[in-house]
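This report refers to the structure that appears directly beneath it.
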Amino acid sequence: MRPAARVPSEELLARWAPLAPVEPGAAVRVHHSADVFALWQAWEEEAGSRQGVPYWAVPWPAAIAFSRLLAADPARVRGRVVLEIGCGGAAAAIAASRAGAARVIANDTDPAALHVARLNAAANGVALEFDDRDQAATGLDESAAVILVADLFYERGPAARMIEQLRRAAGRGVEVLVADAGRPFAPHTGVTLLATEEVAVNDDLEGTSQRIVRLLRLLGPS
Ligand SMILES: C[S@@+](CC[C@H](N)C(=O)[O-])C[C@H]1O[C@@H](n2cnc3c(N)ncnc32)[C@H](O)[C@@H]1O
């Protein structure tokens, strides 16, 4: 069970996860930490209770790949309604908004992630909408023309349920874009490979200094 969530204070974020570009030279800036384990410990001390993994404290390599893709090719989302599922700190959602999306809905089931995503959106001067549902369980928001999913497929059951919902959306004509940094339950069939990106990553978190991210379009049910 997820522990009772407390959101991190702005003082804690300023000290342990300051605002910085998602990678050197990038326009999108989010709160992120060079030492997630130290941040996690400081957050639990501040909250006075156990807290869930602070996924929101890292722009994961897949989100960085999306921020590159959308900066280079804004027409993918310009004027369209975009839903990012599992947004964490919402780097990809912010990139979509900067690229000219008509509306961007940033979804995450973790209240701390949505809190930091709100701060990140404000810091980038973009307006996002926020949604806290597990859309694999409730059904996907049907207003979206484009769905972005970055680094979400790391648990077998939840990944399978989400992919099933996403394929149904793709079958209805939604453009489902997945960025995958090699997570174990990401799809390898029923996809079109759009591009690959090499992204520098934190060795302490990833066990390597670089990840290859596949940018995919998910196809509908076969
Ligand atoms: C590894 S992080 C990736 C965050 C962000 N997409 C990125 O690439 O920087 C995965 C995020 O997905 C969220 N998540 C996991 N399952 C989810 C679900 N069923 N619906 C919405 N969010 C979910 C987690 O809370 C976490 O913030």
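Simple scheme: letters A, B, ... for chains in structure tokens order, numbers from 1 for residues in each chain, numbers from 1 for ligands in the order shown.
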
(message) Around ligand 1, out to 8 Å and counting only C-alpha atoms and all ligand atoms, which residues are there? I want them as a PyMOL selection string.
(response) chain A and resi 54-56+58-64+84-92+107-110+113+132-137+149-152+154+158+162

Store the residues of this selection in a file with C-alpha atoms, as a PDB file, in the first residue's frame.
ATOM      1  CA  PRO A  54       9.890  10.050  -5.654  1.00  0.00           C
ATOM      2  CA  TYR A  55       9.683   9.242  -9.361  1.00  0.00           C
ATOM      3  CA  TRP A  56       8.774  12.921  -9.818  1.00  0.00           C
ATOM      4  CA  VAL A  58      13.801  12.758 -12.197  1.00  0.00           C
ATOM      5  CA  PRO A  59      13.006  13.587 -15.802  1.00  0.00           C
ATOM      6  CA  TRP A  60      13.335   9.977 -16.974  1.00  0.00           C
ATOM      7  CA  PRO A  61      15.176   9.325 -20.238  1.00  0.00           C
ATOM      8  CA  ALA A  62      11.933   8.694 -22.104  1.00  0.00           C
ATOM      9  CA  ALA A  63      10.609  12.119 -21.106  1.00  0.00           C
ATOM     10  CA  ILE A  64      13.856  13.702 -22.277  1.00  0.00           C
ATOM     11  CA  GLU A  84       0.305  12.400 -20.796  1.00  0.00           C
ATOM     12  CA  ILE A  85      -0.227   9.276 -18.682  1.00  0.00           C
ATOM     13  CA  GLY A  86       2.147   8.739 -15.751  1.00  0.00           C
ATOM     14  CA  CYS A  87       3.579  12.221 -16.111  1.00  0.00           C
ATOM     15  CA  GLY A  88       5.797  12.350 -13.003  1.00  0.00           C
ATOM     16  CA  GLY A  89       7.156  15.906 -13.051  1.00  0.00           C
ATOM     17  CA  ALA A  90       5.431  16.362 -16.441  1.00  0.00           C
ATOM     18  CA  ALA A  91       8.469  17.142 -18.611  1.00  0.00           C
ATOM     19  CA  ALA A  92       6.815  15.613 -21.695  1.00  0.00           C
ATOM     20  CA  ASN A 107      -2.091  12.457 -15.458  1.00  0.00           C
ATOM     21  CA  ASP A 108      -0.470  10.659 -12.541  1.00  0.00           C
ATOM     22  CA  THR A 109      -1.836   8.632  -9.637  1.00  0.00           C
ATOM     23  CA  ASP A 110       0.802  10.048  -7.262  1.00  0.00           C
ATOM     24  CA  ALA A 113       4.024  13.999  -8.643  1.00  0.00           C
ATOM     25  CA  ASP A 132      -5.123  11.821 -10.786  1.00  0.00           C
ATOM     26  CA  ARG A 133      -7.017   8.756 -11.984  1.00  0.00           C
ATOM     27  CA  ASP A 134      -5.588   5.335 -12.780  1.00  0.00           C
ATOM     28  CA  GLN A 135      -6.869   5.473 -16.318  1.00  0.00           C
ATOM     29  CA  ALA A 136      -6.045   1.825 -16.945  1.00  0.00           C
ATOM     30  CA  ALA A 137      -8.811   1.077 -14.426  1.00  0.00           C
ATOM     31  CA  VAL A 149       3.522   7.600 -22.329  1.00  0.00           C
ATOM     32  CA  ALA A 150       7.097   7.876 -21.041  1.00  0.00           C
ATOM     33  CA  ASP A 151       8.855   5.202 -18.997  1.00  0.00           C
ATOM     34  CA  LEU A 152       5.729   3.574 -17.601  1.00  0.00           C
ATOM     35  CA  TYR A 154       8.188  -1.352 -15.452  1.00  0.00           C
ATOM     36  CA  PRO A 158      -0.058  -2.742 -14.675  1.00  0.00           C
ATOM     37  CA  MET A 162      -2.329  -0.021 -19.617  1.00  0.00           C
TER      38      MET A 162
END

Polymer residues at most 12 Å from Ala95 of chain A, only C-alpha atoms, same-chain spacing of 4 or more positions, as a PDB file with N, CA and C atoms, in the first residue's frame:
ATOM      1  N   PRO A  21      17.247  22.594 -16.472  1.00  0.00           N
ATOM      2  CA  PRO A  21      16.832  21.999 -17.753  1.00  0.00           C
ATOM      3  C   PRO A  21      16.847  20.469 -17.661  1.00  0.00           C
ATOM      4  N   VAL A  22      15.942  19.823 -18.408  1.00  0.00           N
ATOM      5  CA  VAL A  22      15.872  18.359 -18.350  1.00  0.00           C
ATOM      6  C   VAL A  22      17.169  17.707 -18.827  1.00  0.00           C
ATOM      7  N   ALA A  26      18.434  22.202 -22.845  1.00  0.00           N
ATOM      8  CA  ALA A  26      17.003  22.015 -23.130  1.00  0.00           C
ATOM      9  C   ALA A  26      16.196  23.208 -22.628  1.00  0.00           C
ATOM     10  N   ALA A  27      15.085  23.487 -23.322  1.00  0.00           N
ATOM     11  CA  ALA A  27      14.234  24.608 -22.911  1.00  0.00           C
ATOM     12  C   ALA A  27      13.347  24.236 -21.723  1.00  0.00           C
ATOM     13  N   VAL A  28      12.933  22.974 -21.660  1.00  0.00           N
ATOM     14  CA  VAL A  28      12.036  22.558 -20.569  1.00  0.00           C
ATOM     15  C   VAL A  28      12.850  22.403 -19.286  1.00  0.00           C
ATOM     16  N   ARG A  29      12.353  23.084 -18.220  1.00  0.00           N
ATOM     17  CA  ARG A  29      13.036  22.997 -16.919  1.00  0.00           C
ATOM     18  C   ARG A  29      12.089  22.349 -15.919  1.00  0.00           C
ATOM     19  N   VAL A  30      12.621  21.435 -15.127  1.00  0.00           N
ATOM     20  CA  VAL A  30      11.800  20.808 -14.075  1.00  0.00           C
ATOM     21  C   VAL A  30      12.643  20.677 -12.812  1.00  0.00           C
ATOM     22  N   PRO A  59      13.580  13.692 -14.465  1.00  0.00           N
ATOM     23  CA  PRO A  59      13.006  13.587 -15.802  1.00  0.00           C
ATOM     24  C   PRO A  59      13.609  12.317 -16.415  1.00  0.00           C
ATOM     25  N   ALA A  63      11.168  10.761 -21.072  1.00  0.00           N
ATOM     26  CA  ALA A  63      10.609  12.119 -21.106  1.00  0.00           C
ATOM     27  C   ALA A  63      11.584  13.070 -21.798  1.00  0.00           C
ATOM     28  N   ILE A  64      12.860  12.864 -21.591  1.00  0.00           N
ATOM     29  CA  ILE A  64      13.856  13.702 -22.277  1.00  0.00           C
ATOM     30  C   ILE A  64      13.763  13.468 -23.793  1.00  0.00           C
ATOM     31  N   ALA A  65      13.600  12.208 -24.183  1.00  0.00           N
ATOM     32  CA  ALA A  65      13.459  11.920 -25.622  1.00  0.00           C
ATOM     33  C   ALA A  65      12.205  12.591 -26.185  1.00  0.00           C
ATOM     34  N   PHE A  66      11.097  12.580 -25.431  1.00  0.00           N
ATOM     35  CA  PHE A  66       9.889  13.283 -25.895  1.00  0.00           C
ATOM     36  C   PHE A  66      10.152  14.779 -26.009  1.00  0.00           C
ATOM     37  N   SER A  67      10.886  15.335 -25.039  1.00  0.00           N
ATOM     38  CA  SER A  67      11.104  16.792 -25.106  1.00  0.00           C
ATOM     39  C   SER A  67      11.925  17.131 -26.349  1.00  0.00           C
ATOM     40  N   ARG A  68      12.852  16.258 -26.738  1.00  0.00           N
ATOM     41  CA  ARG A  68      13.600  16.493 -27.993  1.00  0.00           C
ATOM     42  C   ARG A  68      12.672  16.379 -29.198  1.00  0.00           C
ATOM     43  N   LEU A  69      11.888  15.299 -29.216  1.00  0.00           N
ATOM     44  CA  LEU A  69      11.001  15.048 -30.370  1.00  0.00           C
ATOM     45  C   LEU A  69      10.050  16.213 -30.581  1.00  0.00           C
ATOM     46  N   LEU A  70       9.434  16.695 -29.500  1.00  0.00           N
ATOM     47  CA  LEU A  70       8.401  17.721 -29.635  1.00  0.00           C
ATOM     48  C   LEU A  70       8.998  19.096 -29.928  1.00  0.00           C
ATOM     49  N   ALA A  71      10.244  19.320 -29.488  1.00  0.00           N
ATOM     50  CA  ALA A  71      10.913  20.578 -29.846  1.00  0.00           C
ATOM     51  C   ALA A  71      11.279  20.555 -31.333  1.00  0.00           C
ATOM     52  N   ALA A  72      11.694  19.384 -31.834  1.00  0.00           N
ATOM     53  CA  ALA A  72      12.125  19.283 -33.234  1.00  0.00           C
ATOM     54  C   ALA A  72      10.934  19.182 -34.188  1.00  0.00           C
ATOM     55  N   ASP A  73       9.814  18.648 -33.722  1.00  0.00           N
ATOM     56  CA  ASP A  73       8.675  18.363 -34.600  1.00  0.00           C
ATOM     57  C   ASP A  73       7.373  18.733 -33.889  1.00  0.00           C
ATOM     58  N   PRO A  74       7.168  20.052 -33.633  1.00  0.00           N
ATOM     59  CA  PRO A  74       5.990  20.465 -32.862  1.00  0.00           C
ATOM     60  C   PRO A  74       4.665  20.149 -33.550  1.00  0.00           C
ATOM     61  N   ARG A  76       3.501  17.532 -34.472  1.00  0.00           N
ATOM     62  CA  ARG A  76       2.897  16.301 -33.934  1.00  0.00           C
ATOM     63  C   ARG A  76       1.778  16.589 -32.947  1.00  0.00           C
ATOM     64  N   VAL A  77       1.896  17.702 -32.233  1.00  0.00           N
ATOM     65  CA  VAL A  77       0.893  17.985 -31.195  1.00  0.00           C
ATOM     66  C   VAL A  77       0.226  19.354 -31.373  1.00  0.00           C
ATOM     67  N   ARG A  78       0.738  20.171 -32.282  1.00  0.00           N
ATOM     68  CA  ARG A  78       0.225  21.549 -32.387  1.00  0.00           C
ATOM     69  C   ARG A  78      -1.291  21.543 -32.649  1.00  0.00           C
ATOM     70  N   VAL A  82      -3.751  16.794 -25.893  1.00  0.00           N
ATOM     71  CA  VAL A  82      -2.724  15.803 -25.534  1.00  0.00           C
ATOM     72  C   VAL A  82      -2.954  15.344 -24.097  1.00  0.00           C
ATOM     73  N   GLU A  84      -0.875  13.168 -21.195  1.00  0.00           N
ATOM     74  CA  GLU A  84       0.305  12.400 -20.796  1.00  0.00           C
ATOM     75  C   GLU A  84      -0.079  11.521 -19.616  1.00  0.00           C
ATOM     76  N   CYS A  87       2.747  11.071 -15.709  1.00  0.00           N
ATOM     77  CA  CYS A  87       3.579  12.221 -16.111  1.00  0.00           C
ATOM     78  C   CYS A  87       4.759  12.480 -15.181  1.00  0.00           C
ATOM     79  N   GLY A  89       7.014  14.441 -13.089  1.00  0.00           N
ATOM     80  CA  GLY A  89       7.156  15.906 -13.051  1.00  0.00           C
ATOM     81  C   GLY A  89       6.657  16.605 -14.300  1.00  0.00           C
ATOM     82  N   ALA A  90       6.154  15.840 -15.253  1.00  0.00           N
ATOM     83  CA  ALA A  90       5.431  16.362 -16.441  1.00  0.00           C
ATOM     84  C   ALA A  90       6.340  17.014 -17.486  1.00  0.00           C
ATOM     85  N   ALA A  91       7.569  16.559 -17.602  1.00  0.00           N
ATOM     86  CA  ALA A  91       8.469  17.142 -18.611  1.00  0.00           C
ATOM     87  C   ALA A  91       7.893  16.985 -20.020  1.00  0.00           C
ATOM     88  N   ALA A  99       5.054  23.113 -27.448  1.00  0.00           N
ATOM     89  CA  ALA A  99       4.999  22.857 -28.894  1.00  0.00           C
ATOM     90  C   ALA A  99       3.683  23.324 -29.512  1.00  0.00           C
ATOM     91  N   GLY A 100       2.761  23.835 -28.674  1.00  0.00           N
ATOM     92  CA  GLY A 100       1.546  24.426 -29.234  1.00  0.00           C
ATOM     93  C   GLY A 100       0.312  23.549 -29.153  1.00  0.00           C
ATOM     94  N   ALA A 101       0.321  22.530 -28.276  1.00  0.00           N
ATOM     95  CA  ALA A 101      -0.893  21.722 -28.107  1.00  0.00           C
ATOM     96  C   ALA A 101      -2.039  22.617 -27.637  1.00  0.00           C
ATOM     97  N   VAL A 104      -3.360  20.344 -22.697  1.00  0.00           N
ATOM     98  CA  VAL A 104      -2.536  19.207 -22.263  1.00  0.00           C
ATOM     99  C   VAL A 104      -3.021  18.779 -20.885  1.00  0.00           C
ATOM    100  N   ALA A 106      -2.167  16.410 -17.813  1.00  0.00           N
ATOM    101  CA  ALA A 106      -1.061  15.662 -17.200  1.00  0.00           C
ATOM    102  C   ALA A 106      -1.658  14.746 -16.137  1.00  0.00           C
ATOM    103  N   ASN A 120       6.250  22.752 -11.795  1.00  0.00           N
ATOM    104  CA  ASN A 120       7.068  22.745 -13.021  1.00  0.00           C
ATOM    105  C   ASN A 120       6.350  23.470 -14.164  1.00  0.00           C
ATOM    106  N   ALA A 121       5.041  23.227 -14.283  1.00  0.00           N
ATOM    107  CA  ALA A 121       4.286  23.899 -15.349  1.00  0.00           C
ATOM    108  C   ALA A 121       4.361  25.411 -15.148  1.00  0.00           C
ATOM    109  N   ASN A 124       7.606  26.925 -16.139  1.00  0.00           N
ATOM    110  CA  ASN A 124       7.816  26.981 -17.597  1.00  0.00           C
ATOM    111  C   ASN A 124       6.803  27.902 -18.278  1.00  0.00           C
ATOM    112  N   GLY A 125       5.911  28.496 -17.483  1.00  0.00           N
ATOM    113  CA  GLY A 125       4.934  29.424 -18.052  1.00  0.00           C
ATOM    114  C   GLY A 125       3.902  28.742 -18.932  1.00  0.00           C
ATOM    115  N   VAL A 126       3.567  27.480 -18.619  1.00  0.00           N
ATOM    116  CA  VAL A 126       2.539  26.800 -19.425  1.00  0.00           C
ATOM    117  C   VAL A 126       1.378  26.393 -18.513  1.00  0.00           C
ATOM    118  N   ALA A 127       0.209  26.294 -19.115  1.00  0.00           N
ATOM    119  CA  ALA A 127      -0.993  25.896 -18.368  1.00  0.00           C
ATOM    120  C   ALA A 127      -1.316  24.449 -18.709  1.00  0.00           C
ATOM    121  N   LEU A 128      -1.226  23.582 -17.731  1.00  0.00           N
ATOM    122  CA  LEU A 128      -1.621  22.185 -17.916  1.00  0.00           C
ATOM    123  C   LEU A 128      -2.903  21.943 -17.126  1.00  0.00           C
ATOM    124  N   LEU A 148       0.687  10.564 -24.731  1.00  0.00           N
ATOM    125  CA  LEU A 148       2.124  10.368 -24.518  1.00  0.00           C
ATOM    126  C   LEU A 148       2.326   9.468 -23.307  1.00  0.00           C
TER     127      LEU A 148
END

(message) Just list as a list of chain:residue names whatever in segment 13-146 of chain A DSSP marks as strand (DSSP E or B).
(response)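 Filtering segment 13-146 of chain A to strand (DSSP E or B) leaves A:Leu19, A:Ala20, A:Pro21, A:Arg29, A:Val30, A:His31, A:Val81, A:Val82, A:Leu83, A:Glu84, A:Ile85, A:Arg103, A:Val104, A:Ile105, A:Ala106, A:Asn107, A:Glu129, A:Phe130, A:Asp131, A:Val146.
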
(message) I'd like the contact shell of Leu194 of chain A - 7 Å cut-off, only C-alpha atoms, skipping same-chain residues fewer than 6 positions apart - returned as a PyMOL selection string.
(response) chain A and resi 215-217

Using the selection just defined, write its residues with N, CA and C atoms as a JSON list (two decimals), in the first residue's frame.
[["chain", "number", "residue", "atom", "x", "y", "z"],
["A", 215, "LEU", "N", 11.32, 5.66, -29.57],
["A", 215, "LEU", "CA", 10.09, 6.44, -29.70],
["A", 215, "LEU", "C", 9.19, 5.66, -30.65],
["A", 216, "LEU", "N", 8.02, 5.29, -30.13],
["A", 216, "LEU", "CA", 7.14, 4.35, -30.85],
["A", 216, "LEU", "C", 5.76, 4.93, -31.05],
["A", 217, "ARG", "N", 5.11, 4.52, -32.13],
["A", 217, "ARG", "CA", 3.66, 4.71, -32.23],
["A", 217, "ARG", "C", 3.03, 3.34, -31.96]]

(request) Tell me which protein, DNA and RNA residues are within 10 Å of Ala14 of chain A, counting only C-alpha atoms, leaving out same-chain ones fewer than 6 positions away, and put them as a PyMOL selection string. (result) chain A and resi 31-33

(request) Could you tell me which of A:Leu166, A:Ile105, A:Ala186, A:Ala200 comes closest to Leu219 of chain A if we count only C-alpha atoms? (result) A:Leu166

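Residues within 7 Å of Ile147 of chain A, counting only C-alpha atoms and excluding same-chain residues fewer than 3 positions away, are Val82, Leu83, Glu84, Ala144, Glu175, Val176 and Leu177 of chain A.
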
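The residue that comes closest to Arg6 of chain A, out of A:Leu39, A:Leu205, A:Ala75, A:Ala112 and on the basis of only C-alpha atoms, is A:Ala112.
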
(message) What's the separation between atom CA of Glu206 of chain A and atom CA of Ala159 of chain A, in Å to one decimal place?
(response)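 Going from atom CA of Glu206 of chain A over to atom CA of Ala159 of chain A covers 19.4 Å.
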
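Closest approach to Glu129 of chain A among A:Ala145, A:Ala93, A:Arg156, A:His188: A:Ala93, based on only C-alpha atoms.
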
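Residues in contact range of Val201 of chain A, defined as at most 7 Å between only C-alpha atoms, with sequence neighbours fewer than 6 positions away removed, read Pro61, Ser209, Gln210 and Arg211 of chain A.
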
(message) Quick check, in Å to one decimal: how far apart do atom CA of Val81 of chain A and atom CA of Ala123 of chain A lie?
(response)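 Rounded to one decimal, the two atoms are 21.4 Å apart.
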
(request) Report the distance between atom CA of Glu198 of chain A and atom CA of Pro18 of chain A in Å, rounded to one decimal place. (result)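 Value for the atom CA of Glu198 of chain A-atom CA of Pro18 of chain A distance: 24.2 Å.
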